[in-house]
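For reference, start23.txt (compact mmCIF, C-alpha atoms and all ligand atoms):
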```
# COMPACT_ATOMS: atom_id res chain seq x y z
CA MET J 261 87.20 93.23 99.14
CA SER J 262 83.79 94.36 98.02
CA LYS J 263 81.71 92.30 95.60
CA ILE J 264 82.21 93.10 91.93
CA ILE J 265 79.44 91.57 89.82
CA SER J 266 78.92 91.82 86.12
CA ALA J 267 75.78 93.88 85.43
CA ASN J 268 72.89 91.90 83.95
CA THR J 269 69.14 91.60 84.56
CA ASP J 270 69.60 89.37 87.61
CA SER J 271 72.42 91.28 89.28
CA ILE J 272 70.65 94.60 88.71
CA GLN J 273 67.55 93.21 90.44
CA ARG J 274 69.74 92.05 93.29
CA ALA J 275 71.26 95.54 93.50
CA ALA J 276 67.77 97.08 93.63
CA ALA J 277 66.88 94.76 96.52
CA ILE J 278 70.02 95.84 98.42
CA LEU J 279 69.12 99.50 97.84
CA LYS J 280 65.55 98.92 99.05
CA GLN J 281 66.98 97.57 102.30
CA GLY J 282 69.11 100.67 102.84
CA GLY J 283 72.36 99.33 101.36
CA LEU J 284 74.94 100.93 99.07
CA VAL J 285 75.54 99.94 95.44
CA ALA J 286 78.18 101.25 93.04
CA MET J 287 76.63 101.73 89.60
CA PRO J 288 78.17 102.60 86.25
CA THR J 289 77.04 105.83 84.61
CA GLU J 290 78.37 107.31 81.38
CA THR J 291 80.45 109.81 83.39
CA VAL J 292 81.94 107.97 86.37
CA TYR J 293 80.86 105.17 88.74
CA GLY J 294 78.42 106.44 91.36
CA LEU J 295 77.92 105.27 94.95
CA ALA J 296 74.14 104.97 95.17
CA ALA J 297 71.66 104.93 98.06
CA ASN J 298 67.89 105.39 98.29
CA ALA J 299 67.51 109.20 98.36
CA LEU J 300 64.32 108.88 100.43
CA ASP J 301 66.11 106.96 103.22
CA GLY J 302 68.21 109.30 105.37
CA LYS J 303 70.09 106.50 107.15
CA ALA J 304 71.08 104.94 103.84
CA VAL J 305 72.29 108.34 102.59
CA ALA J 306 74.31 108.77 105.80
CA ARG J 307 76.15 105.55 104.90
CA ILE J 308 77.37 107.21 101.67
CA PHE J 309 79.22 109.88 103.67
CA GLU J 310 80.61 107.21 105.97
CA ALA J 311 81.83 105.02 103.09
CA LYS J 312 83.46 107.99 101.34
CA GLY J 313 85.03 109.19 104.56
CA ARG J 314 83.73 112.66 103.76
CA PRO J 315 84.51 115.09 106.53
CA GLN J 316 81.68 117.33 105.28
CA PHE J 317 78.07 116.95 104.22
CA ASN J 318 78.10 118.24 100.65
CA PRO J 319 74.76 118.06 98.88
CA LEU J 320 74.44 115.02 96.59
CA ILE J 321 73.17 114.55 93.05
CA CYS J 322 69.83 112.75 92.80
CA HIS J 323 69.41 110.36 89.87
CA PHE J 324 66.13 109.64 88.10
CA PRO J 325 65.20 107.43 85.14
CA SER J 326 63.43 110.27 83.30
CA LEU J 327 62.27 113.87 83.36
CA GLU J 328 58.76 112.63 84.22
CA ALA J 329 60.06 110.86 87.33
CA ALA J 330 62.10 113.91 88.37
CA GLN J 331 59.20 116.34 88.09
CA ASP J 332 57.71 115.24 91.41
CA TYR J 333 60.90 116.35 93.17
CA ALA J 334 61.84 119.71 91.62
CA GLU J 335 60.34 122.80 89.99
CA PHE J 336 61.20 122.82 86.29
CA SER J 337 61.28 126.26 84.67
CA ASN J 338 60.95 126.66 80.89
CA ALA J 339 64.75 126.72 80.57
CA ALA J 340 64.98 123.54 82.66
CA HIS J 341 62.44 121.80 80.41
CA GLU J 342 64.39 122.92 77.36
CA ALA J 343 67.73 121.67 78.75
CA ALA J 344 66.13 118.36 79.80
CA HIS J 345 64.63 117.93 76.36
CA HIS J 346 67.98 118.38 74.62
CA PHE J 347 70.48 116.83 77.03
CA TRP J 348 68.67 114.13 79.05
CA PRO J 349 69.37 111.35 79.41
CA GLY J 350 73.02 112.39 79.52
CA PRO J 351 75.89 114.00 81.45
CA LEU J 352 74.03 117.12 82.60
CA THR J 353 73.03 117.86 86.20
CA MET J 354 70.60 120.69 86.92
CA ILE J 355 70.25 122.58 90.20
CA LEU J 356 66.56 123.40 90.65
CA PRO J 357 64.22 124.51 93.46
CA VAL J 358 63.34 121.42 95.49
CA LYS J 359 59.79 120.19 95.99
CA HIS J 360 59.38 118.75 99.45
CA SER J 361 58.43 115.23 98.54
CA GLY J 362 60.30 112.90 100.81
CA ILE J 363 63.90 113.48 99.70
CA SER J 364 66.18 113.20 102.74
CA ALA J 365 67.40 116.62 103.93
CA LEU J 366 70.87 115.06 104.02
CA VAL J 367 70.75 114.78 100.21
CA THR J 368 70.13 118.51 99.78
CA ALA J 369 72.22 119.42 102.85
CA GLY J 370 69.25 121.46 104.03
CA LEU J 371 69.23 123.68 100.92
CA GLU J 372 66.06 124.72 99.10
CA THR J 373 67.58 123.41 95.86
CA ILE J 374 68.29 119.94 94.54
CA ALA J 375 70.78 118.59 91.98
CA ILE J 376 69.03 116.36 89.44
CA ARG J 377 70.49 114.11 86.79
CA VAL J 378 69.03 111.56 84.37
CA PRO J 379 71.93 109.28 83.37
CA ALA J 380 71.98 107.65 79.94
CA HIS J 381 73.89 104.50 80.90
CA PRO J 382 71.62 101.47 80.35
CA VAL J 383 72.67 99.82 83.63
CA ALA J 384 71.91 102.98 85.64
CA GLN J 385 68.62 103.30 83.74
CA GLN J 386 67.60 99.71 84.50
CA LEU J 387 68.59 100.03 88.15
CA LEU J 388 66.57 103.26 88.54
CA HIS J 389 63.54 101.58 86.95
CA ASP J 390 63.83 98.50 89.16
CA CYS J 391 64.18 100.62 92.30
CA GLY J 392 61.25 102.95 91.68
CA PHE J 393 62.82 105.56 93.98
CA PRO J 394 65.49 108.21 93.26
CA LEU J 395 69.13 107.35 93.91
CA ALA J 396 71.49 109.79 95.60
CA ALA J 397 74.95 109.12 94.19
CA PRO J 398 78.26 110.95 94.43
CA SER J 399 81.28 109.53 92.66
CA ALA J 400 82.19 106.12 94.14
CA ASN J 401 85.58 106.97 95.63
CA LYS J 402 87.02 107.99 98.98
CA SER J 403 86.78 111.70 99.59
CA GLY J 404 89.70 113.58 98.04
CA SER J 405 90.72 110.87 95.56
CA LEU J 406 90.01 110.65 91.85
CA SER J 407 86.58 109.76 90.49
CA PRO J 408 86.44 106.07 89.52
CA THR J 409 85.95 105.09 85.90
CA THR J 410 86.35 101.31 86.31
CA PRO J 411 84.87 98.78 88.78
CA LEU J 412 88.37 98.06 90.08
CA HIS J 413 88.90 101.75 90.96
CA VAL J 414 85.73 101.55 93.04
CA SER J 415 86.70 98.44 94.97
CA GLU J 416 90.27 99.69 95.54
CA SER J 417 88.96 102.98 96.87
CA LEU J 418 85.93 101.90 98.90
CA GLY J 419 86.74 98.30 99.87
CA ASP J 420 84.03 96.87 102.12
CA GLY J 421 82.25 100.22 102.33
CA VAL J 422 80.02 99.27 99.40
CA ASP J 423 77.67 96.26 99.41
CA LEU J 424 77.80 95.52 95.67
CA ILE J 425 79.61 96.89 92.63
CA LEU J 426 77.70 96.54 89.36
CA ALA J 427 80.44 96.22 86.76
CA ASP J 428 80.10 97.28 83.16
CA GLY J 429 83.62 98.13 82.04
CA PRO J 430 85.15 101.59 81.85
CA CYS J 431 82.96 104.72 81.72
CA GLU J 432 82.54 106.34 78.33
CA VAL J 433 82.88 110.00 79.36
CA GLY J 434 85.20 109.58 82.34
CA LEU J 435 84.53 113.10 83.62
CA GLU J 436 81.79 114.15 86.02
CA SER J 437 78.60 115.70 84.64
CA THR J 438 78.27 119.39 83.83
CA ILE J 439 76.40 121.15 86.66
CA LEU J 440 74.01 123.84 85.44
CA ASP J 441 72.47 126.07 88.10
CA LEU J 442 68.93 127.06 87.12
CA SER J 443 67.69 127.64 90.64
CA GLU J 444 67.79 131.42 90.33
CA GLY J 445 66.90 133.70 87.45
CA ALA J 446 70.07 133.60 85.37
CA PRO J 447 71.69 130.24 84.54
CA SER J 448 75.32 129.53 85.34
CA ILE J 449 77.65 126.54 85.21
CA LEU J 450 78.94 125.44 88.61
CA ARG J 451 81.06 122.58 87.26
CA PRO J 452 82.25 122.31 83.67
CA GLY J 453 81.84 118.98 81.87
CA THR J 454 81.40 117.53 78.41
CA ILE J 455 78.22 119.51 77.87
CA THR J 456 79.76 122.92 77.33
CA ALA J 457 78.52 126.48 77.83
CA GLU J 458 78.30 126.86 74.06
CA MET J 459 76.10 123.79 73.71
CA LEU J 460 73.79 125.08 76.45
CA GLU J 461 73.71 128.61 75.05
CA ASN J 462 72.71 127.27 71.64
CA LYS J 463 69.71 125.43 73.02
CA LEU J 464 68.64 127.87 75.74
CA ASN J 465 69.13 130.99 73.60
CA GLN J 466 70.72 132.85 76.47
CA ASN J 467 74.08 133.55 78.02
CA VAL J 468 75.32 130.65 80.23
CA PRO J 469 78.47 131.86 82.02
CA TYR J 470 80.75 129.86 84.26
CA TYR J 471 80.04 130.72 87.86
CA LYS J 472 83.65 131.74 88.62
CA LYS J 473 83.49 134.34 85.86
CA VAL J 474 80.27 135.73 87.28
CA MET J 475 81.99 136.03 90.65
CA GLY J 476 85.05 137.65 89.09
CA LYS J 477 87.56 135.17 90.50
CA PRO J 478 88.04 131.42 90.45
CA LYS J 479 86.61 129.55 93.37
CA SER J 480 87.42 126.08 94.62
CA PRO J 481 84.59 123.56 94.32
CA GLY J 482 84.17 123.61 98.09
CA GLN J 483 83.59 127.35 98.08
CA LEU J 484 80.97 126.99 95.36
CA LEU J 485 78.67 125.38 97.84
CA ARG J 486 75.96 127.44 99.27
CA HIS J 487 75.27 126.20 102.76
CA TYR J 488 72.11 126.17 104.74
CA ALA J 489 72.82 128.29 107.81
CA PRO J 490 70.32 128.63 110.66
CA SER J 491 69.48 132.24 111.56
CA VAL J 492 69.46 131.38 115.25
CA PRO J 493 72.91 130.97 116.92
CA LEU J 494 74.09 127.50 117.91
CA ARG J 495 75.73 126.80 121.26
CA LEU J 496 77.79 123.63 120.94
CA ASN J 497 78.73 121.00 123.53
CA ALA J 498 75.97 122.26 125.78
CA ILE J 499 75.58 120.50 129.13
CA ASP J 500 72.46 122.42 130.08
CA VAL J 501 69.82 124.59 128.42
CA GLU J 502 69.61 128.32 129.05
CA GLU J 503 66.45 130.38 129.33
CA GLY J 504 64.87 130.80 125.89
CA GLU J 505 67.09 128.20 124.21
CA ALA J 506 65.88 125.22 122.23
CA LEU J 507 67.63 121.85 122.64
CA LEU J 508 69.15 119.64 119.98
CA ALA J 509 69.98 116.49 121.89
CA PHE J 510 72.06 113.44 121.04
CA GLY J 511 71.64 110.28 123.08
CA SER J 512 69.82 110.41 126.38
CA ASP J 513 68.87 113.91 127.54
CA LYS J 514 67.52 112.59 130.84
CA PHE J 515 70.12 114.43 132.84
CA MET J 516 70.11 117.69 130.89
CA GLY J 517 69.03 120.49 133.18
CA LEU J 518 67.49 123.88 132.58
CA LYS J 519 69.50 126.81 133.91
CA GLY J 520 67.51 128.29 136.76
CA GLY J 521 65.81 124.97 137.52
CA GLY J 522 63.91 122.14 135.92
CA ALA J 523 64.77 119.46 133.36
CA ALA J 524 65.25 119.78 129.62
CA LYS J 525 62.80 116.96 129.05
CA ASP J 526 60.04 119.26 130.32
CA LEU J 527 60.60 121.76 127.49
CA PRO J 528 57.66 121.99 125.07
CA ALA J 529 57.96 119.63 122.10
CA SER J 530 58.49 122.57 119.73
CA MET J 531 61.74 123.43 121.58
CA ARG J 532 63.26 119.94 121.64
CA ARG J 533 64.60 117.51 119.12
CA ASN J 534 66.79 114.45 119.57
CA LEU J 535 69.14 113.56 116.71
CA SER J 536 69.21 109.98 117.96
CA GLU J 537 68.07 108.75 121.35
CA ASN J 538 70.21 105.62 120.87
CA ALA J 539 73.26 107.73 119.99
CA ASP J 540 73.30 106.22 116.48
CA LEU J 541 75.41 108.47 114.22
CA HIS J 542 73.62 107.29 111.02
CA GLU J 543 70.29 108.30 112.47
CA ALA J 544 71.76 111.58 113.74
CA ALA J 545 73.18 112.46 110.32
CA ALA J 546 69.87 111.64 108.66
CA ASN J 547 68.00 113.92 111.09
CA LEU J 548 70.53 116.77 111.27
CA PHE J 549 69.28 119.28 108.70
CA ALA J 550 65.56 118.64 109.22
CA MET J 551 65.92 119.09 112.99
CA LEU J 552 68.10 122.19 112.73
CA LYS J 553 65.41 123.70 110.50
CA ALA J 554 62.62 122.73 112.88
CA LEU J 555 64.39 124.53 115.76
CA ASP J 556 65.51 127.53 113.69
CA ARG J 557 62.73 129.83 114.87
CA PRO J 558 62.98 133.53 115.80
CA GLU J 559 61.41 132.91 119.23
CA HIS J 560 64.42 130.75 120.19
CA LYS J 561 67.34 132.70 121.61
CA ALA J 562 69.75 129.96 120.50
CA ILE J 563 69.94 126.23 119.92
CA ALA J 564 71.87 124.34 122.57
CA VAL J 565 73.50 121.29 120.95
CA MET J 566 74.71 118.36 123.03
CA ASN J 567 78.19 116.95 122.44
CA ILE J 568 78.55 114.55 119.51
CA PRO J 569 81.53 112.18 119.49
CA ASP J 570 84.13 113.33 116.98
CA GLN J 571 84.62 110.02 115.18
CA GLY J 572 83.27 108.40 112.01
CA LEU J 573 80.18 110.24 110.80
CA GLY J 574 80.39 112.39 113.93
CA ILE J 575 83.27 114.30 112.27
CA ALA J 576 81.00 115.39 109.42
CA ILE J 577 78.16 116.22 111.80
CA ASN J 578 80.49 118.34 113.95
CA ASP J 579 81.98 120.04 110.90
CA ARG J 580 78.49 121.08 109.83
CA LEU J 581 77.55 122.22 113.33
CA GLN J 582 80.76 124.20 113.76
CA ARG J 583 80.22 125.99 110.48
CA ALA J 584 76.60 126.66 111.35
CA ALA J 585 77.75 128.04 114.71
CA THR J 586 80.15 130.67 113.30
O1 LIG J 601 78.79 112.66 86.80
C1 LIG J 601 78.36 112.89 87.93
O2 LIG J 601 77.74 113.93 88.21
C2 LIG J 601 78.62 111.83 89.01
C3 LIG J 601 77.78 110.60 88.67
C4 LIG J 601 77.90 109.52 89.72
O3 LIG J 601 76.44 110.97 88.45
N1 LIG J 601 78.28 112.33 90.33
C5 LIG J 601 79.06 113.25 90.97
O4 LIG J 601 78.61 113.57 92.25
O5 LIG J 601 80.01 113.78 90.48
P1 LIG J 601 79.51 114.35 93.36
O6 LIG J 601 78.80 114.19 94.68
O7 LIG J 601 80.89 113.87 93.33
O8 LIG J 601 79.37 115.84 92.93
C6 LIG J 601 78.19 116.53 93.21
C7 LIG J 601 78.39 118.00 93.11
C8 LIG J 601 79.05 118.56 94.34
O9 LIG J 601 80.18 119.32 93.99
C9 LIG J 601 77.99 119.42 94.97
O10 LIG J 601 78.55 120.57 95.45
C10 LIG J 601 77.06 119.72 93.82
O11 LIG J 601 77.11 118.60 93.01
N2 LIG J 601 75.68 119.94 94.28
C11 LIG J 601 74.79 119.00 94.66
N3 LIG J 601 73.63 119.57 95.06
C12 LIG J 601 73.79 120.90 94.93
C13 LIG J 601 72.97 122.03 95.18
N4 LIG J 601 71.73 121.90 95.64
N5 LIG J 601 73.50 123.26 94.92
C14 LIG J 601 74.76 123.39 94.44
N6 LIG J 601 75.58 122.36 94.19
C15 LIG J 601 75.12 121.14 94.43
MG MG J 602 83.13 113.52 93.45
```
Kindly transcribe the structure held in the file into structure tokens.
Amino acid sequence: MSKIISANTDSIQRAAAILKQGGLVAMPTETVYGLAANALDGKAVARIFEAKGRPQFNPLICHFPSLEAAQDYAEFSNAAHEAAHHFWPGPLTMILPVKHSGISALVTAGLETIAIRVPAHPVAQQLLHDCGFPLAAPSANKSGSLSPTTPLHVSESLGDGVDLILADGPCEVGLESTILDLSEGAPSILRPGTITAEMLENKLNQNVPYYKKVMGKPKSPGQLLRHYAPSVPLRLNAIDVEEGEALLAFGSDKFMGLKGGGAAKDLPASMRRNLSENADLHEAAANLFAMLKALDRPEHKAIAVMNIPDQGLGIAINDRLQRAAT
């Protein structure tokens, strides 16, 4: 069983120390319990997906103690400032253009946008202050099960997958935050929550429709996701590299050959990346989006990707690669 500890000054400091070392902490927020990791540490973020058993890399919400702290990581339009002023801290998440400032590409799933939330819960607030870095945190449950609103839900769902559970009773709201997309011109709500369209319309003085209505038909949450897709084709399970292809390696690429002669290791540095030379899936997950982007260049005919074992985090990595390949 994972450690449930009553949240107080000491235990919150202990949780911050665990997070600094790349660990996972479940924290109470006013909506649901979140499974937090340092958003600047890709390997730590990879552990979130592993603990949740998520077969896919969905982008994660990044938590900050204040608007001021969040401003280094996203572009705030006038509407975003207005919404922050009225609803933060609180159960509102905003999707905004990302500023490249050290956030792991695994948090944004390679997108040019980032989901930002400033929670009101005093324990989450104290933890964010003690950490001094943003916390990526999805709901603290196994993928596909209900969002946890008590510490016991978290430990029953995640077991040993979480290093510490900061307990502070049941969550007040009990429903995930409203997600407001302000990354493009017109605002829309991607996920309804306790902050309603009417409340947002009143403060923003503009129409704030639900995304599914904009699109004319309901969409499942999974379909709502916009995915980063490389413009260059991917060739999966490659055992050699063809003329004009770049290489995305995993593990040793010593024996990878170039079709027509030569070794892959002699490719120029701009045409080669290795997700993890030690075949470490955490490291590979952390590097995935940044490396795909680095190799996604028009002068490359394709990206040859070495085989990645289809187990644990490898399932999510392969899911992402397969979708990027089609
Ligand atoms: O109340 C909440 O929001 C809780 C607490 C812990 O803060 N968190 C939560 O996170 O519900 P999660 O991972 O279960 O849901 C995050 C949602 C996902 O559906 C994801 O698609 C969306 O946020 N999301 C994150 N980044 C996005 C982006 N850049 N563009 C569009 N959607 C994004
Ligand atoms: Mg969730």
Next on the checklist: Which residues are close to J:Val433, i.e. within 8 Å by all atoms listed in the file, leaving aside same-chain residues fewer than 4 positions away? Reply as number ranges by chain.
Outcome noted: J: 290-292, 454
Suppose we keep C-alpha atoms; can you now write the selection as a short mmCIF file (atom, residue, chain, number, x, y, z; two decimals), keeping the file's coordinate frame?
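And here's selection30.cif as it stands now:
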```cif
data_model
loop_
_atom_site.label_atom_id
_atom_site.label_comp_id
_atom_site.auth_asym_id
_atom_site.auth_seq_id
_atom_site.Cartn_x
_atom_site.Cartn_y
_atom_site.Cartn_z
CA GLU J 290 78.37 107.31 81.38
CA THR J 291 80.45 109.81 83.39
CA VAL J 292 81.94 107.97 86.37
CA THR J 454 81.40 117.53 78.41
#
```
Find the residues of stretch 288-374 of chain J that sit at most 8 Å from stretch 537-548 of chain J; for each, write down the nearest two atoms and how far apart they are in Å, to one decimal. Count all atoms listed in the file. Sort by chain, then by number going up, and give it as a Markdown table.
```
| residue | atom | partner | partner_atom | distance |
| --- | --- | --- | --- | --- |
| J:Gly302 | CA | J:Ala546 | CA | 4.4 |
| J:Lys303 | CA | J:His542 | CA | 5.3 |
| J:Ala304 | CA | J:His542 | CA | 8.0 |
| J:Val305 | CA | J:Ala546 | CA | 7.3 |
| J:Ala306 | CA | J:His542 | CA | 5.5 |
| J:Arg307 | CA | J:His542 | CA | 6.8 |
| J:Ser364 | CA | J:Ala546 | CA | 7.1 |
| J:Ala365 | CA | J:Ala546 | CA | 7.3 |
| J:Leu366 | CA | J:Ala546 | CA | 5.9 |
```
Item to check | Pairwise distance for atom C1 of ligand LIG 601 (chain J) and atom CA of J:Pro490, rounded to one decimal in Å | outcome: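 We find that atom C1 of ligand LIG 601 (chain J) and atom CA of J:Pro490 lie 28.8 Å from each other.
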Item to check | Pick from J:Phe549, J:Tyr333, J:Phe393, J:Tyr488 nearest to J:Glu372, counting only C-alpha atoms | outcome: J:Tyr488
Item to check | Selection near stretch 265-282 of chain J, 7 Å with all atoms listed in the file, sequence-local residues under 5 positions removed, as a PyMOL selection string | outcome: chain J and resi 297-298+301+304+383+387+390-391+424-428
Mind running chain J against ligand LIG 601 (chain J) at 8 Å and telling me each contacting residue's nearest atom pair with the distance in Å (one decimal), counting all atoms listed in the file, chain and number ascending, as JSON lines?
```
{"residue": "J:Met287", "atom": "CA", "partner": "J:LIG601", "partner_atom": "C4", "distance": 7.9}
{"residue": "J:Pro288", "atom": "CA", "partner": "J:LIG601", "partner_atom": "C4", "distance": 7.7}
{"residue": "J:Thr289", "atom": "CA", "partner": "J:LIG601", "partner_atom": "C3", "distance": 6.3}
{"residue": "J:Glu290", "atom": "CA", "partner": "J:LIG601", "partner_atom": "O1", "distance": 7.6}
{"residue": "J:Thr291", "atom": "CA", "partner": "J:LIG601", "partner_atom": "O1", "distance": 4.7}
{"residue": "J:Val292", "atom": "CA", "partner": "J:LIG601", "partner_atom": "C3", "distance": 5.4}
{"residue": "J:Tyr293", "atom": "CA", "partner": "J:LIG601", "partner_atom": "C4", "distance": 5.4}
{"residue": "J:Gly294", "atom": "CA", "partner": "J:LIG601", "partner_atom": "C4", "distance": 3.5}
{"residue": "J:Leu295", "atom": "CA", "partner": "J:LIG601", "partner_atom": "C4", "distance": 6.7}
{"residue": "J:Asn318", "atom": "CA", "partner": "J:LIG601", "partner_atom": "O10", "distance": 5.7}
{"residue": "J:Pro319", "atom": "CA", "partner": "J:LIG601", "partner_atom": "N3", "distance": 4.3}
{"residue": "J:Leu320", "atom": "CA", "partner": "J:LIG601", "partner_atom": "C11", "distance": 4.4}
{"residue": "J:Ile321", "atom": "CA", "partner": "J:LIG601", "partner_atom": "C11", "distance": 5.0}
{"residue": "J:His323", "atom": "CA", "partner": "J:LIG601", "partner_atom": "O3", "distance": 7.2}
{"residue": "J:Pro351", "atom": "CA", "partner": "J:LIG601", "partner_atom": "O1", "distance": 6.2}
{"residue": "J:Leu352", "atom": "CA", "partner": "J:LIG601", "partner_atom": "O2", "distance": 7.4}
{"residue": "J:Thr353", "atom": "CA", "partner": "J:LIG601", "partner_atom": "O2", "distance": 6.5}
{"residue": "J:Ile355", "atom": "CA", "partner": "J:LIG601", "partner_atom": "N4", "distance": 5.7}
{"residue": "J:Leu356", "atom": "CA", "partner": "J:LIG601", "partner_atom": "N4", "distance": 7.3}
{"residue": "J:Val367", "atom": "CA", "partner": "J:LIG601", "partner_atom": "N3", "distance": 7.6}
{"residue": "J:Thr368", "atom": "CA", "partner": "J:LIG601", "partner_atom": "N4", "distance": 5.6}
{"residue": "J:Ala369", "atom": "CA", "partner": "J:LIG601", "partner_atom": "N4", "distance": 7.6}
{"residue": "J:Leu371", "atom": "CA", "partner": "J:LIG601", "partner_atom": "N4", "distance": 6.1}
{"residue": "J:Glu372", "atom": "CA", "partner": "J:LIG601", "partner_atom": "N4", "distance": 7.2}
{"residue": "J:Thr373", "atom": "CA", "partner": "J:LIG601", "partner_atom": "N4", "distance": 4.4}
{"residue": "J:Ile374", "atom": "CA", "partner": "J:LIG601", "partner_atom": "N4", "distance": 4.1}
{"residue": "J:Ala375", "atom": "CA", "partner": "J:LIG601", "partner_atom": "N3", "distance": 4.3}
{"residue": "J:Ile376", "atom": "CA", "partner": "J:LIG601", "partner_atom": "N3", "distance": 7.9}
{"residue": "J:Arg377", "atom": "CA", "partner": "J:LIG601", "partner_atom": "O3", "distance": 6.9}
{"residue": "J:Pro379", "atom": "CA", "partner": "J:LIG601", "partner_atom": "O3", "distance": 7.0}
{"residue": "J:Ala397", "atom": "CA", "partner": "J:LIG601", "partner_atom": "C4", "distance": 5.4}
{"residue": "J:Pro398", "atom": "CA", "partner": "J:LIG601", "partner_atom": "O6", "distance": 3.3}
{"residue": "J:Ser399", "atom": "CA", "partner": "J:LIG601", "partner_atom": "O7", "distance": 4.4}
{"residue": "J:Ala400", "atom": "CA", "partner": "J:LIG601", "partner_atom": "C4", "distance": 7.0}
{"residue": "J:Ser407", "atom": "CA", "partner": "J:LIG601", "partner_atom": "O7", "distance": 7.6}
{"residue": "J:Leu435", "atom": "CA", "partner": "J:LIG601", "partner_atom": "O1", "distance": 6.6}
{"residue": "J:Glu436", "atom": "CA", "partner": "J:LIG601", "partner_atom": "O1", "distance": 3.4}
{"residue": "J:Ser437", "atom": "CA", "partner": "J:LIG601", "partner_atom": "O1", "distance": 3.7}
{"residue": "J:Thr438", "atom": "CA", "partner": "J:LIG601", "partner_atom": "O2", "distance": 7.0}
{"residue": "J:Ile439", "atom": "CA", "partner": "J:LIG601", "partner_atom": "O11", "distance": 6.9}
{"residue": "J:Asp441", "atom": "CA", "partner": "J:LIG601", "partner_atom": "C14", "distance": 7.3}
{"residue": "J:Leu450", "atom": "CA", "partner": "J:LIG601", "partner_atom": "N6", "distance": 7.2}
{"residue": "J:Arg451", "atom": "CA", "partner": "J:LIG601", "partner_atom": "O9", "distance": 7.5}
{"residue": "J:Pro481", "atom": "CA", "partner": "J:LIG601", "partner_atom": "O9", "distance": 6.1}
{"residue": "J:Gly482", "atom": "CA", "partner": "J:LIG601", "partner_atom": "O10", "distance": 6.9}
{"residue": "J:Leu484", "atom": "CA", "partner": "J:LIG601", "partner_atom": "O10", "distance": 6.9}
{"residue": "J:Leu485", "atom": "CA", "partner": "J:LIG601", "partner_atom": "O10", "distance": 5.4}
{"residue": "J:Arg486", "atom": "CA", "partner": "J:LIG601", "partner_atom": "C14", "distance": 6.4}
```
Checklist entry - Taking only C-alpha atoms and all ligand atoms into account, which of J:Ile308, J:Ala564, J:Ala344, J:Ala509 comes nearest ligand MG 602 (chain J)? => result J:Ile308
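Using all atoms listed in the file, the smallest distance between any of J:Phe324, J:Phe515, J:Phe510, J:Phe309 and J:Leu388 comes from J:Phe324.
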Checklist entry - Expressed in Å to a single decimal, how great is the separation between atom CA of J:Asp579 and atom CA of J:Pro315? => result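 It comes out at 7.1 Å.
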Checklist entry - What is the atom CA of J:Lys463-atom CA of J:Pro349 distance in Å, reported with one decimal? => result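 Computing the Euclidean distance for atom CA of J:Lys463 and atom CA of J:Pro349 yields 15.5 Å.
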Checklist entry - Within 12 Å of (68.6, 122.3, 114.1), in the coordinates the file gives, what residues turn up when you count all atoms listed in the file, written out as a PyMOL selection string? => result chain J and resi 365+370+488-496+505-510+530-535+544-545+547-557+560+562-566+577+580-581+584-585
Checklist entry - Nearest to J:Glu444: which of J:Val422, J:Leu464, J:Leu412, J:Met354 is it, counting only C-alpha atoms? => result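 Looking only at the distances to J:Glu444, the closest residue turns out to be J:Met354.
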